[in-house]
$ cat start22.txt   # compact mmCIF, C-alpha atoms
# COMPACT_ATOMS: atom_id res chain seq x y z
CA MET A 1 2.44 46.77 42.33
CA SER A 2 3.47 48.56 39.12
CA GLN A 3 2.51 52.01 37.97
CA LYS A 4 0.79 52.16 34.57
CA VAL A 5 1.47 55.13 32.30
CA ASP A 6 1.04 55.97 28.65
CA VAL A 7 4.58 57.32 28.16
CA CYS A 8 7.70 56.82 30.26
CA ILE A 9 10.41 59.41 29.61
CA ILE A 10 13.81 58.27 30.82
CA GLY A 11 15.86 61.40 31.40
CA ALA A 12 14.37 64.72 32.54
CA GLY A 13 16.89 66.92 30.81
CA ALA A 14 16.44 69.19 27.80
CA ALA A 15 15.08 66.55 25.42
CA GLY A 16 12.93 64.83 28.04
CA LEU A 17 11.33 68.01 29.35
CA ALA A 18 10.65 69.28 25.84
CA ALA A 19 9.01 65.98 24.95
CA ALA A 20 6.88 65.97 28.10
CA ASN A 21 5.56 69.46 27.35
CA ALA A 22 4.74 68.56 23.75
CA LEU A 23 2.86 65.33 24.52
CA ASP A 24 -0.91 65.22 24.29
CA PRO A 25 -2.18 66.46 27.70
CA ARG A 26 -4.56 63.49 27.87
CA LEU A 27 -1.61 61.15 28.29
CA ARG A 28 -0.34 59.99 31.68
CA ILE A 29 3.40 60.64 31.74
CA CYS A 30 6.22 59.42 33.95
CA LEU A 31 9.63 61.12 34.04
CA ILE A 32 12.58 59.31 35.60
CA ASP A 33 15.90 61.04 36.24
CA LYS A 34 19.07 60.42 38.25
CA ASN A 35 19.07 63.98 39.60
CA GLU A 36 16.96 65.34 42.43
CA ILE A 37 15.83 68.23 40.25
CA PRO A 38 14.85 68.07 36.57
CA GLY A 39 16.85 69.98 33.97
CA ARG A 40 19.96 70.16 36.11
CA LYS A 41 22.36 70.33 33.17
CA ILE A 42 20.30 73.13 31.62
CA LEU A 43 21.13 75.27 34.64
CA ALA A 44 24.84 75.20 33.74
CA ALA A 45 24.44 75.62 29.97
CA GLY A 46 26.05 78.63 28.32
CA GLY A 47 27.83 79.72 31.47
CA GLY A 48 24.52 79.98 33.30
CA ARG A 49 22.82 81.86 30.45
CA CYS A 50 21.67 78.82 28.40
CA ASN A 51 22.31 79.27 24.68
CA LEU A 52 18.97 77.79 23.54
CA THR A 53 19.53 77.64 19.80
CA ASN A 54 21.21 79.38 16.88
CA ALA A 55 19.82 81.29 13.91
CA ALA A 56 21.88 78.99 11.68
CA CYS A 57 19.82 75.96 12.77
CA SER A 58 17.17 75.18 10.17
CA ARG A 59 14.43 74.65 12.77
CA HIS A 60 15.40 77.31 15.30
CA GLN A 61 12.09 79.12 14.86
CA GLU A 62 10.27 76.00 16.02
CA THR A 63 12.29 76.13 19.23
CA LEU A 64 11.61 79.82 19.76
CA ASP A 65 7.89 79.29 19.23
CA PHE A 66 7.91 76.36 21.64
CA PHE A 67 9.45 78.43 24.43
CA ARG A 68 7.24 81.41 23.69
CA GLY A 69 4.32 79.04 24.21
CA LEU A 70 5.73 78.37 27.68
CA GLY A 71 5.91 82.10 28.36
CA LEU A 72 9.67 82.39 27.88
CA GLU A 73 10.90 85.19 25.62
CA THR A 74 14.30 85.02 23.91
CA ALA A 75 16.89 87.37 22.44
CA ALA A 76 19.73 86.82 19.97
CA ASP A 77 23.25 88.21 20.12
CA GLU A 78 25.18 89.55 17.13
CA GLU A 79 26.33 86.06 16.19
CA GLY A 80 22.84 84.56 16.08
CA ARG A 81 22.96 82.75 19.42
CA TYR A 82 19.62 82.79 21.23
CA TYR A 83 19.34 83.10 25.01
CA PRO A 84 16.39 83.57 27.36
CA TYR A 85 15.60 87.30 27.42
CA SER A 86 16.39 87.36 31.14
CA GLY A 87 19.83 85.89 30.46
CA CYS A 88 19.20 83.28 33.15
CA ALA A 89 19.38 79.53 32.50
CA VAL A 90 17.28 78.83 35.60
CA ASP A 91 14.33 80.42 33.83
CA VAL A 92 14.56 77.88 31.01
CA ALA A 93 14.33 74.91 33.37
CA GLU A 94 11.60 76.60 35.37
CA ALA A 95 9.51 77.28 32.25
CA LEU A 96 9.78 73.63 31.23
CA VAL A 97 8.76 72.36 34.66
CA ASN A 98 5.97 74.90 35.04
CA GLY A 99 4.63 73.87 31.64
CA LEU A 100 3.71 70.49 33.14
CA ALA A 101 1.73 71.92 36.06
CA GLY A 102 -1.78 70.51 36.17
CA ARG A 103 -0.87 67.65 33.85
CA ASP A 104 -1.06 63.96 34.75
CA VAL A 105 2.67 63.68 35.37
CA CYS A 106 4.53 61.41 37.78
CA TRP A 107 8.11 62.36 38.69
CA ILE A 108 10.46 59.60 39.84
CA LEU A 109 13.72 61.12 41.02
CA PRO A 110 16.42 60.70 41.96
CA ALA A 111 16.27 57.22 40.46
CA GLU A 112 18.27 55.07 38.06
CA VAL A 113 16.69 52.89 35.39
CA ILE A 114 18.02 49.34 35.54
CA SER A 115 16.26 47.83 32.55
CA VAL A 116 13.69 48.44 29.85
CA ASP A 117 11.99 45.23 28.79
CA PRO A 118 9.52 45.09 25.89
CA GLU A 119 6.47 43.13 26.99
CA HIS A 120 5.53 42.78 23.34
CA ALA A 121 6.12 44.85 20.20
CA LYS A 122 3.49 46.16 17.83
CA ALA A 123 4.84 46.77 14.38
CA THR A 124 1.76 47.70 12.35
CA GLU A 125 -0.29 50.87 12.29
CA ALA A 126 -3.48 48.89 12.86
CA GLN A 127 -2.02 47.48 16.05
CA ASP A 128 -0.92 50.96 17.10
CA GLN A 129 -4.49 52.22 16.82
CA THR A 130 -5.73 49.57 19.24
CA GLU A 131 -2.80 49.93 21.60
CA GLY A 132 -3.86 49.80 25.21
CA GLU A 133 -6.52 47.15 24.62
CA ASP A 134 -4.07 44.27 24.83
CA GLY A 135 -1.77 45.56 27.53
CA PRO A 136 1.34 47.73 27.80
CA CYS A 137 4.51 47.52 25.74
CA PHE A 138 7.39 48.12 28.16
CA ARG A 139 8.35 47.28 31.71
CA VAL A 140 10.78 49.89 33.07
CA SER A 141 12.59 48.86 36.25
CA TRP A 142 14.28 51.45 38.44
CA VAL A 143 15.98 51.85 41.79
CA ARG A 144 16.00 54.86 44.05
CA ARG A 145 19.27 56.79 44.31
CA SER A 146 20.42 58.52 47.46
CA GLY A 147 18.84 61.91 47.95
CA LYS A 148 16.15 63.70 49.84
CA LYS A 149 13.32 61.55 51.12
CA GLY A 150 10.63 62.77 48.81
CA LEU A 151 10.19 66.13 47.13
CA PRO A 152 7.86 68.93 48.17
CA GLU A 153 4.55 68.60 46.38
CA ASP A 154 4.46 72.31 45.65
CA ILE A 155 7.69 71.97 43.63
CA LEU A 156 6.98 68.75 41.73
CA PRO A 157 3.43 67.51 42.12
CA GLY A 158 3.31 63.77 41.64
CA ALA A 159 6.92 63.13 42.68
CA ALA A 160 7.20 59.48 43.73
CA PRO A 161 7.97 59.15 47.46
CA PHE A 162 10.48 56.70 48.90
CA GLY A 163 9.21 53.14 49.11
CA SER A 164 6.91 53.45 46.09
CA GLU A 165 6.81 50.96 43.20
CA SER A 166 10.11 50.03 41.57
CA GLU A 167 8.80 49.56 38.06
CA VAL A 168 6.65 51.36 35.53
CA ILE A 169 4.54 49.77 32.81
CA ALA A 170 4.36 52.03 29.76
CA ASP A 171 2.82 51.88 26.31
CA ARG A 172 5.74 53.85 24.93
CA VAL A 173 9.20 54.90 26.10
CA ILE A 174 11.30 57.93 25.16
CA LEU A 175 14.95 57.29 25.94
CA CYS A 176 16.82 60.58 26.38
CA THR A 177 19.37 60.09 29.14
CA GLY A 178 22.08 62.23 27.54
CA GLY A 179 25.62 61.09 26.79
CA LYS A 180 28.67 60.87 29.08
CA ALA A 181 29.83 64.50 29.17
CA ALA A 182 29.71 66.29 32.53
CA PRO A 183 28.96 63.22 34.69
CA VAL A 184 28.44 65.47 37.70
CA PHE A 185 24.97 66.07 36.21
CA GLY A 186 24.18 62.34 36.12
CA THR A 187 25.11 61.80 32.48
CA THR A 188 27.22 58.67 32.84
CA GLY A 189 26.28 56.77 29.69
CA ASP A 190 23.41 54.67 31.10
CA GLY A 191 21.39 55.20 27.94
CA TYR A 192 23.92 53.34 25.81
CA ARG A 193 23.52 50.24 27.96
CA LEU A 194 19.74 50.46 27.71
CA ALA A 195 19.88 51.04 23.94
CA ARG A 196 22.11 48.00 23.44
CA SER A 197 19.79 45.85 25.53
CA LEU A 198 16.98 46.81 23.16
CA GLY A 199 18.95 45.77 20.08
CA HIS A 200 20.51 49.09 19.06
CA GLY A 201 24.08 49.62 17.97
CA VAL A 202 26.18 52.30 19.65
CA SER A 203 29.17 53.84 17.92
CA ARG A 204 32.29 54.68 19.90
CA VAL A 205 31.70 57.64 22.21
CA TYR A 206 34.27 60.27 23.16
CA PRO A 207 34.28 63.75 24.75
CA ILE A 208 33.98 66.84 22.53
CA LEU A 209 33.59 70.60 22.96
CA THR A 210 36.42 70.51 25.44
CA GLY A 211 40.06 71.56 25.67
CA ILE A 212 43.05 69.93 23.99
CA ARG A 213 45.99 68.67 25.99
CA CYS A 214 49.25 69.98 24.51
CA LEU A 215 52.68 70.48 25.99
CA LEU A 216 53.05 74.22 26.58
CA PRO A 217 55.63 76.36 28.39
CA LYS A 218 54.38 76.83 31.96
CA GLN A 219 54.67 80.62 31.78
CA LEU A 220 51.87 80.75 29.21
CA ALA A 221 49.18 79.57 31.63
CA GLY A 222 46.47 82.21 31.91
CA ILE A 223 47.32 84.05 28.69
CA ARG A 224 44.65 84.69 26.07
CA ALA A 225 45.28 85.59 22.44
CA ARG A 226 43.19 86.02 19.31
CA GLY A 227 44.11 83.87 16.37
CA ILE A 228 43.35 81.10 13.94
CA VAL A 229 43.65 77.46 14.92
CA ARG A 230 43.84 74.59 12.47
CA LEU A 231 43.51 70.89 13.17
CA LEU A 232 45.89 68.73 11.16
CA GLU A 233 45.43 65.01 10.70
CA ASP A 234 48.54 63.31 9.35
CA GLY A 235 49.75 66.75 8.31
CA VAL A 236 46.60 67.71 6.39
CA CYS A 237 44.31 70.51 7.60
CA ILE A 238 40.83 69.10 8.28
CA ALA A 239 39.29 71.97 10.29
CA LYS A 240 39.88 75.67 10.96
CA GLU A 241 38.42 78.02 13.59
CA THR A 242 38.97 81.64 14.56
CA GLY A 243 38.59 83.14 17.99
CA GLN A 244 40.15 83.65 21.38
CA ILE A 245 42.71 81.02 22.36
CA GLN A 246 43.21 80.35 26.04
CA PHE A 247 46.50 78.90 27.29
CA THR A 248 46.08 76.81 30.44
CA PRO A 249 48.22 74.45 32.53
CA GLU A 250 46.42 71.58 30.76
CA GLY A 251 46.81 72.88 27.22
CA LEU A 252 44.59 74.88 24.89
CA SER A 253 41.05 76.04 25.60
CA GLY A 254 38.47 78.49 24.24
CA ILE A 255 35.45 78.08 21.96
CA CYS A 256 37.58 77.85 18.81
CA ILE A 257 39.53 74.98 20.40
CA PHE A 258 36.34 73.30 21.64
CA ASP A 259 34.96 73.24 18.09
CA LEU A 260 38.13 71.60 16.77
CA THR A 261 37.51 68.60 19.02
CA LEU A 262 34.47 67.70 16.92
CA HIS A 263 36.95 66.44 14.34
CA ILE A 264 39.33 64.48 16.61
CA ARG A 265 38.01 60.97 16.17
CA LEU A 266 39.40 57.70 17.37
CA ARG A 267 38.73 54.80 15.07
CA GLU A 268 36.92 51.71 16.28
CA GLY A 269 39.40 49.56 18.20
CA GLU A 270 42.15 52.20 18.02
CA LYS A 271 44.21 52.86 21.13
CA PRO A 272 43.93 56.47 22.34
CA ALA A 273 47.69 57.06 22.15
CA ASP A 274 47.78 55.91 18.53
CA GLY A 275 44.71 57.91 17.58
CA PHE A 276 45.80 61.20 19.11
CA ALA A 277 49.28 60.85 17.58
CA ARG A 278 47.69 61.50 14.17
CA TYR A 279 46.69 65.04 15.15
CA GLN A 280 48.38 68.41 15.57
CA VAL A 281 47.03 71.88 16.31
CA GLU A 282 48.55 74.66 14.20
CA VAL A 283 48.19 78.11 15.77
CA ASP A 284 48.34 81.38 13.83
CA LEU A 285 48.88 84.16 16.37
CA ALA A 286 49.21 86.89 13.72
CA PRO A 287 46.12 86.41 11.54
CA ASP A 288 46.11 90.01 10.30
CA PHE A 289 49.74 89.94 9.12
CA ALA A 290 51.33 88.34 6.06
CA ALA A 291 53.93 85.65 6.70
CA GLU A 292 56.62 87.64 4.84
CA GLU A 293 56.02 90.60 7.12
CA VAL A 294 56.18 88.57 10.31
CA VAL A 295 59.35 86.60 9.63
CA ARG A 296 61.35 89.81 9.10
CA ARG A 297 60.69 90.92 12.66
CA ALA A 298 63.37 90.68 15.30
CA SER A 299 60.82 89.62 17.90
CA SER A 300 57.21 88.48 18.13
CA PHE A 301 56.63 91.09 20.84
CA GLY A 302 54.40 93.86 19.60
CA ILE A 303 52.07 91.39 17.94
CA VAL A 304 51.73 89.11 20.96
CA THR A 305 52.47 89.63 24.64
CA ARG A 306 55.98 89.47 26.03
CA LYS A 307 55.47 86.00 27.53
CA LEU A 308 54.08 84.62 24.27
CA ALA A 309 56.90 86.27 22.35
CA GLU A 310 59.44 84.48 24.56
CA ALA A 311 57.88 81.12 23.67
CA VAL A 312 57.00 81.72 20.02
CA PRO A 313 59.65 83.24 17.70
CA PRO A 314 58.56 85.25 14.60
CA GLU A 315 59.04 82.33 12.22
CA LYS A 316 56.44 80.33 14.17
CA LEU A 317 53.86 83.06 14.74
CA LYS A 318 51.83 82.01 11.71
CA CYS A 319 52.35 78.25 12.01
CA TRP A 320 53.08 77.14 15.57
CA ARG A 321 52.43 73.40 15.59
CA LEU A 322 51.57 71.56 18.79
CA PRO A 323 51.11 67.77 18.92
CA VAL A 324 47.81 66.67 20.44
CA GLU A 325 48.36 64.53 23.52
CA ARG A 326 44.64 63.99 24.13
CA VAL A 327 41.42 65.91 24.63
CA TRP A 328 40.27 66.81 28.12
CA GLY A 329 38.15 64.19 29.82
CA TRP A 330 34.45 63.67 30.34
CA ASP A 331 34.35 65.86 33.44
CA LYS A 332 35.25 68.97 31.41
CA ALA A 333 33.49 68.14 28.14
CA GLN A 334 30.31 69.92 27.11
CA CYS A 335 29.06 67.21 24.78
CA THR A 336 29.45 63.59 23.67
CA ALA A 337 30.36 62.43 20.17
CA GLY A 338 29.20 59.04 18.94
CA GLY A 339 26.21 57.23 20.40
CA VAL A 340 23.09 55.40 19.24
CA GLU A 341 23.33 54.80 15.51
CA ARG A 342 20.91 57.01 13.59
CA GLU A 343 20.43 54.44 10.81
CA GLN A 344 18.30 52.42 13.24
CA ILE A 345 15.93 55.31 13.97
CA ASN A 346 13.23 56.95 11.86
CA PRO A 347 14.51 60.56 11.60
CA GLU A 348 11.01 62.00 11.14
CA THR A 349 9.46 60.38 14.21
CA MET A 350 12.53 59.42 16.30
CA GLU A 351 11.05 55.94 16.71
CA SER A 352 13.25 52.88 16.73
CA LEU A 353 13.15 50.82 13.55
CA LEU A 354 14.01 47.77 15.64
CA CYS A 355 11.69 48.14 18.63
CA PRO A 356 8.29 49.74 17.91
CA GLY A 357 7.11 52.05 20.67
CA LEU A 358 10.67 53.02 21.65
CA PHE A 359 11.78 56.58 20.83
CA PHE A 360 15.13 58.35 21.15
CA ALA A 361 16.01 62.02 21.64
CA GLY A 362 18.90 64.29 22.53
CA GLU A 363 22.59 63.75 23.08
CA LEU A 364 22.20 60.00 23.36
CA LEU A 365 22.08 59.94 19.55
CA ASP A 366 25.14 60.01 17.32
CA ARG A 367 24.50 63.60 16.25
CA GLN A 368 26.66 66.53 17.36
CA GLY A 369 27.27 70.17 16.51
CA PRO A 370 29.65 72.97 17.47
CA CYS A 371 29.30 75.42 20.34
CA GLY A 372 26.60 78.04 19.97
CA GLY A 373 23.28 76.34 20.71
CA TYR A 374 23.41 73.58 18.10
CA ASN A 375 23.36 70.70 20.55
CA LEU A 376 20.55 72.08 22.66
CA GLN A 377 18.62 72.65 19.43
CA ASN A 378 19.12 68.95 18.69
CA ALA A 379 17.72 68.09 22.13
CA TRP A 380 14.60 70.28 21.80
CA GLU A 381 14.02 69.27 18.19
CA THR A 382 14.26 65.51 18.64
CA GLY A 383 12.26 65.58 21.87
CA LEU A 384 9.45 67.55 20.21
CA ARG A 385 9.50 65.28 17.17
CA ALA A 386 9.10 62.12 19.28
CA ALA A 387 6.33 63.66 21.38
CA ARG A 388 4.37 64.88 18.39
CA GLU A 389 4.46 61.46 16.75
CA ILE A 390 3.18 59.82 19.93
CA SER A 391 0.49 62.49 20.23
CA ARG A 392 -0.54 61.99 16.61
CA ARG A 393 -1.07 58.30 17.24
CA THR A 394 -3.04 59.08 20.37
CA ALA A 395 -5.34 61.32 18.35
CA ASP A 396 -5.68 58.69 15.61
CA SER A 397 -6.49 56.04 18.22
CA CYS A 398 -9.16 58.26 19.81
CA ARG A 399 -10.76 58.89 16.42
CA CYS A 400 -10.66 55.18 15.62
CA MET A 401 -12.32 54.28 18.94
CA SER A 402 -14.91 57.03 18.48
CA GLY A 403 -15.74 55.73 15.02
CA ALA A 404 -16.03 52.17 16.30
CA GLY A 405 -18.43 53.30 19.06
CA LYS A 406 -20.58 55.17 16.57
CA GLN A 407 -20.82 52.11 14.31
CA THR A 408 -21.85 49.96 17.29
CA THR A 409 -24.57 52.45 18.24
CA GLU A 410 -25.93 52.58 14.68
CA ARG A 411 -26.25 48.82 14.56
$ encode --input "start22.txt" --output "structure tokens"
Amino acid sequence: MSQKVDVCIIGAGAAGLAAANALDPRLRICLIDKNEIPGRKILAAGGGRCNLTNAACSRHQETLDFFRGLGLETAADEEGRYYPYSGCAVDVAEALVNGLAGRDVCWILPAEVISVDPEHAKATEAQDQTEGEDGPCFRVSWVRRSGKKGLPEDILPGAAPFGSESEVIADRVILCTGGKAAPVFGTTGDGYRLARSLGHGVSRVYPILTGIRCLLPKQLAGIRARGIVRLLEDGVCIAKETGQIQFTPEGLSGICIFDLTLHIRLREGEKPADGFARYQVEVDLAPDFAAEEVVRRASSFGIVTRKLAEAVPPEKLKCWRLPVERVWGWDKAQCTAGGVEREQINPETMESLLCPGLFFAGELLDRQGPCGGYNLQNAWETGLRAAREISRRTADSCRCMSGAGKQTTER
């Protein structure tokens, strides 16, 4: 026997939990996630501090107001990055879960969604207003993953026990499974398969906000230096960042390096080796010195450490070029580039233009930003937008039904 819900949210991460909290409380909600606990990736965000948003994001105030409504206060650092006031990422996940207490919410986890099948689509507003009278829209099939046999009711009321139904019937679906970055948190790209099965195109995905593999002298591993890094494509500078550069056994790391990876793109059908061969990283280890001043020095020591000076002579201090071998893999990436094509989604409502009743949110979409809270802002923002559109239709439907009942009574 199937469970019947108003909204099925596939993915109980940042976008999914935000959407669940913003949905009309009259709606019966189901959240399905591959992890045993919701918001697992949130717990690791920002080094355990969770950089919620950034003052440079146009809708950051909406995010701050949303969390304040959940009882979570925030504070910004000198660079405009917002964190929970407690400085603890666990509090963010807890506030999101606690916000659903007392609501008609069913948790199905750990579980993996196998398919999302539209029972029938409703493309017109008039049909939307009568939705529910002629049956549900989507059949969501799932299988239980290995994990604890049921979750304590005091932690997640409504958590589906083992042996319960293996499908959910929902009027609407919000697909927010995340991308492929950090697969240890269950983000293994399942959403792309589901999106394709529902008619959506998916652009090539690749790891970003991660380190860059370059051939470095072994003695540099563990050294940090402040400088400017430039990304060159076919010899032309396409991006520049400033910050602390970390030298590791696997190449270059640090936030400034992570942000450069936003611009390393492999073309459709291009082999990785060919694509990466187009790129170089140019490192300026003496950003506060003029080139003429640096090249006259007998040694780089005195500007950089002894070990760096042994590897980088004065004439290279301002323009040390390192060929890009590749970026670090999915296991070390913070975010995914590419994804579900935005042209097939209404940006104001996050609803599919191809499959009415289907909504998208979060990292699954082909929309990325640099480090500093931009990608979590995208998750909150798109999740809230989808939920508010669904809630608006719920309210319209209730008004329509109320008006119809009044007319019947008057007759």
$ closest_residue --input "start22.txt" --among "A:Gly158, A:Gly369, A:Gly178, A:Gly329" --to "A:Ile10" --atoms "only C-alpha atoms"
A:Gly178
$ closest_residue --input "start22.txt" --among "A:Gly99, A:Gly80, A:Gly222, A:Gly87" --to "A:Cys50" --atoms "only C-alpha atoms"
A:Gly87
$ residues_around --input "start22.txt" --residues "stretch 182-188 of chain A" --least-positions-apart "5" --cutoff "10 Å" --atoms "only C-alpha atoms" --output "JSON, numbers by chain"
{"A": [11, 13, 33, 34, 35, 39, 40, 41, 42, 44, 110, 112, 177, 207, 329, 330, 331, 332, 333, 334, 335, 336, 363, 364]}
$ atom_distance --input "start22.txt" --atom1 "atom CA of A:Lys316" --atom2 "atom CA of A:Cys371"
28.3 Å
$ residues_near_point --input "start22.txt" --point "(45.0, 65.2, 15.9)" --cutoff "8 Å" --atoms "all atoms listed in the file" --output "ChimeraX atom specification"
/A:231-234,264,275-281,323-324
